[in-house]
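Trainee: Can you read through this structure? Questions will come right after.
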Amino acid sequence: MFDSERLNATHEVEVFDSGNTWLDSWLHTFARRADSTGIARTYVWTAPGDRRVVAYYALCPTEVDRAADGDRAADGVPSSIAGGVSRIPGYLLARLAVSRDHQGRGLGGQLLVDALEKTVEASEISGGRAIVVDAIDDAAQEFYRRYGFVPVRGRPRRLVMKTATAARAVRGG
């Protein structure tokens with residue numbers, strides 16, 4: 001239905017409109033620079049034969065600090081995700097957006113699965129125990145919770161998922 005590939009110079013990003021100025025502006029202005037400098041990788045969806053972006057997500061490595069606080073990390077990351085380490089390696093799902101013209105069709109969930117698949121692949125190559133997302137609003141927070149992300153204590157819009165959980169979800173095992 002859509003081609004998924006890493007953002008490159010042939011993609012038309014300028015017309016992308018998700019209805020969220022912050023997400024749109026990042027794609028229009030910063031996505032290519034973030035990619036070329038190694039800060040984040042942006043993946044886009046386009047219709048076959050069309051270079052206009054209809055959806056995108058951005059991924060980058062991250063690390064979550066953990067300070068001992070009983071059974072949970074001080075920043076609220078469950079100990080099952082922390083795995084006993086003080087600095088939890090992982091990936092940040094930094095952006096995820098679907099154009100207005102394509103919203104309401106379930107593409108957000110499919111796009112998230114695509115992002116999780118890429119993250120799982122990256123973790124199999126280089127490690128990484130957690131997938132982190134910072135929801136931009138209450139609706140986004142609820143969206144991620146429906147897919148198994150859990151909020152961290154003290155930061156309700158920051159949500160995490162164990163990479164192994166994502167692997168089971170996307171691979172059915």
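In the structure tokens, each chain is lettered A, B, ... as it comes, each chain's residues begin at 1, and ligands are numbered from 1 in order of appearance.
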Could you name the residues that touch Thr165 (chain A) at 10 Å or less, counting only C-alpha atoms, but leaving out those on the same chain fewer than 3 positions away, as a list in words?

Mentor: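 Near Thr165 (chain A), the qualifying residues are Ile81, Val120, Arg129, Ala130, Ile131, Gly148, Phe149, Met161, Lys162, Arg168, Ala169, Val170, Arg171 and Gly173 of chain A.
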
Trainee: Please list as a ChimeraX atom specification every residue within 7 Å of Val64 (chain A), counting only C-alpha atoms and excluding residues in the same chain fewer than 5 positions away.

Mentor: /A:87-89

Trainee: Store the residues picked out above in a file with N, CA, C and O atoms, as a CSV table (one decimal), in the first residue's frame.

Mentor:
chain,number,residue,atom,x,y,z
A,87,ARG,N,22.7,2.8,33.4
A,87,ARG,CA,22.4,3.6,32.2
A,87,ARG,C,21.8,2.6,31.2
A,87,ARG,O,22.4,1.7,30.7
A,88,ILE,N,20.5,2.8,30.9
A,88,ILE,CA,19.8,1.9,30.0
A,88,ILE,C,19.9,2.3,28.6
A,88,ILE,O,19.4,3.4,28.2
A,89,PRO,N,20.5,1.5,27.8
A,89,PRO,CA,20.7,1.9,26.3
A,89,PRO,C,19.4,1.6,25.6
A,89,PRO,O,18.6,0.7,26.0

Trainee: Please provide as a ChimeraX atom specification all residues within 12 Å of region 105-112 of chain A, with the sequence filter that same-chain residues fewer than 4 positions apart are discarded (counting only C-alpha atoms).

Mentor: /A:1-5,18,43-46,54-59,93-101,116-119,131,133,140,143-149,166,169-170

Trainee: One decimal, Å: what's the distance from CA of Ile39 (chain A) over to CA of Ala167 (chain A), could you say?

Mentor: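 Those two atoms sit 23.8 Å apart.
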
Trainee: Using only C-alpha atoms, determine which residues lie at most 10 Å from Leu27 (chain A), disregarding the query and same-chain residues fewer than 2 positions distant; provide the list as a short mmCIF file (atom, residue, chain, number, x, y, z; two decimals) with N, CA and C atoms, in the first residue's frame.

Mentor:
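The new file around-v4.cif reads:
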data_model
loop_
_atom_site.label_atom_id
_atom_site.label_comp_id
_atom_site.auth_asym_id
_atom_site.auth_seq_id
_atom_site.Cartn_x
_atom_site.Cartn_y
_atom_site.Cartn_z
N LEU A 7 14.44 8.56 4.49
CA LEU A 7 14.31 9.86 3.83
C LEU A 7 15.55 10.13 2.98
N VAL A 13 8.93 16.67 0.99
CA VAL A 13 8.50 16.84 2.38
C VAL A 13 7.75 18.16 2.60
N GLU A 14 7.94 19.11 1.70
CA GLU A 14 7.41 20.46 1.92
C GLU A 14 5.90 20.52 2.01
N PHE A 16 3.95 18.16 3.30
CA PHE A 16 3.44 17.31 4.38
C PHE A 16 2.70 18.16 5.41
N ASP A 17 1.49 17.73 5.78
CA ASP A 17 0.66 18.45 6.75
C ASP A 17 -0.08 17.45 7.61
N THR A 21 1.85 21.61 13.75
CA THR A 21 2.89 22.48 13.22
C THR A 21 4.28 22.03 13.64
N TRP A 22 4.43 21.60 14.87
CA TRP A 22 5.73 21.18 15.39
C TRP A 22 6.25 19.97 14.62
N LEU A 23 5.41 18.95 14.41
CA LEU A 23 5.82 17.76 13.66
C LEU A 23 6.09 18.09 12.19
N ASP A 24 5.24 18.91 11.61
CA ASP A 24 5.41 19.29 10.20
C ASP A 24 6.68 20.08 10.00
N SER A 25 6.91 21.06 10.85
CA SER A 25 8.08 21.92 10.73
C SER A 25 9.37 21.12 10.86
N THR A 29 12.04 21.16 7.89
CA THR A 29 13.23 21.95 8.14
C THR A 29 14.44 21.18 8.66
N PHE A 30 14.21 20.17 9.50
CA PHE A 30 15.34 19.57 10.22
C PHE A 30 15.62 18.11 9.92
N ALA A 31 14.68 17.39 9.35
CA ALA A 31 14.85 15.94 9.18
C ALA A 31 16.08 15.58 8.36
N ARG A 32 16.28 16.25 7.26
CA ARG A 32 17.44 15.92 6.41
C ARG A 32 18.75 16.24 7.12
N ARG A 33 18.78 17.35 7.82
CA ARG A 33 20.00 17.71 8.55
C ARG A 33 20.26 16.72 9.69
N ALA A 34 19.21 16.33 10.40
CA ALA A 34 19.37 15.34 11.48
C ALA A 34 19.94 14.04 10.93
N THR A 42 15.28 9.28 9.69
CA THR A 42 13.87 9.49 9.40
C THR A 42 13.46 8.53 8.30
N VAL A 44 10.18 7.43 5.83
CA VAL A 44 8.97 8.03 5.27
C VAL A 44 8.15 6.99 4.53
N VAL A 53 5.59 12.67 0.77
CA VAL A 53 5.54 11.96 2.05
C VAL A 53 4.13 12.00 2.62
N TYR A 56 5.62 9.70 8.43
CA TYR A 56 7.04 9.56 8.74
C TYR A 56 7.23 9.27 10.21
N TYR A 57 8.41 8.75 10.52
CA TYR A 57 8.86 8.63 11.91
C TYR A 57 10.37 8.82 11.94
N ALA A 58 10.86 9.21 13.09
CA ALA A 58 12.30 9.41 13.27
C ALA A 58 12.75 8.62 14.49
N ARG A 95 9.82 11.13 16.57
CA ARG A 95 8.69 11.73 15.85
C ARG A 95 7.89 10.60 15.20
N ALA A 97 4.23 10.76 12.60
CA ALA A 97 3.11 11.57 12.12
C ALA A 97 2.56 11.03 10.82
#

Trainee: To test your reading of the structure, identify every residue in chain A that backbone DSSP assigns to strand (DSSP E), and report it as a PyMOL selection string.

Mentor: chain A and resi 3-6+41-46+53-65+68-69+72-73+87-98+130-134+150-152+155-162

Trainee: From the set A:Glu12, A:Asp138, A:Asp114, A:Glu121, which residue has the shortest atom-to-atom contact distance to Arg51 (chain A), counting only C-alpha atoms?

Mentor: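 Smallest distance to Arg51 (chain A) is found for A:Glu12.
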
Trainee: Pick the closest to Arg52 (chain A) from A:Gly172, A:Ala9, A:Val152, A:Gly127: which is it, counting only C-alpha atoms?

Mentor: A:Ala9

Trainee: Between A:Ala115, A:Ala122, A:Ala164, A:Leu92, single out the one closest to Thr62 (chain A), counting only C-alpha atoms.

Mentor: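 Counting only C-alpha atoms, the residue closest to Thr62 (chain A) is A:Leu92.
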
Trainee: Using only C-alpha atoms, which of the listed residues (A:Val113, A:Leu159, A:Ala40, A:Ala135) sits closest to Arg6 (chain A)?

Mentor: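 Going through A:Val113, A:Leu159, A:Ala40, A:Ala135 one by one, the smallest distance to Arg6 (chain A) is for A:Ala40.
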
Trainee: For each of A:Pro61, A:Gly154, A:Gly38, A:Gly128, take the minimum atom-to-atom distance to Gly83 (chain A), counting only C-alpha atoms, then give the residue where this is smallest.

Mentor: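 The closest residue to Gly83 (chain A) is A:Gly128.
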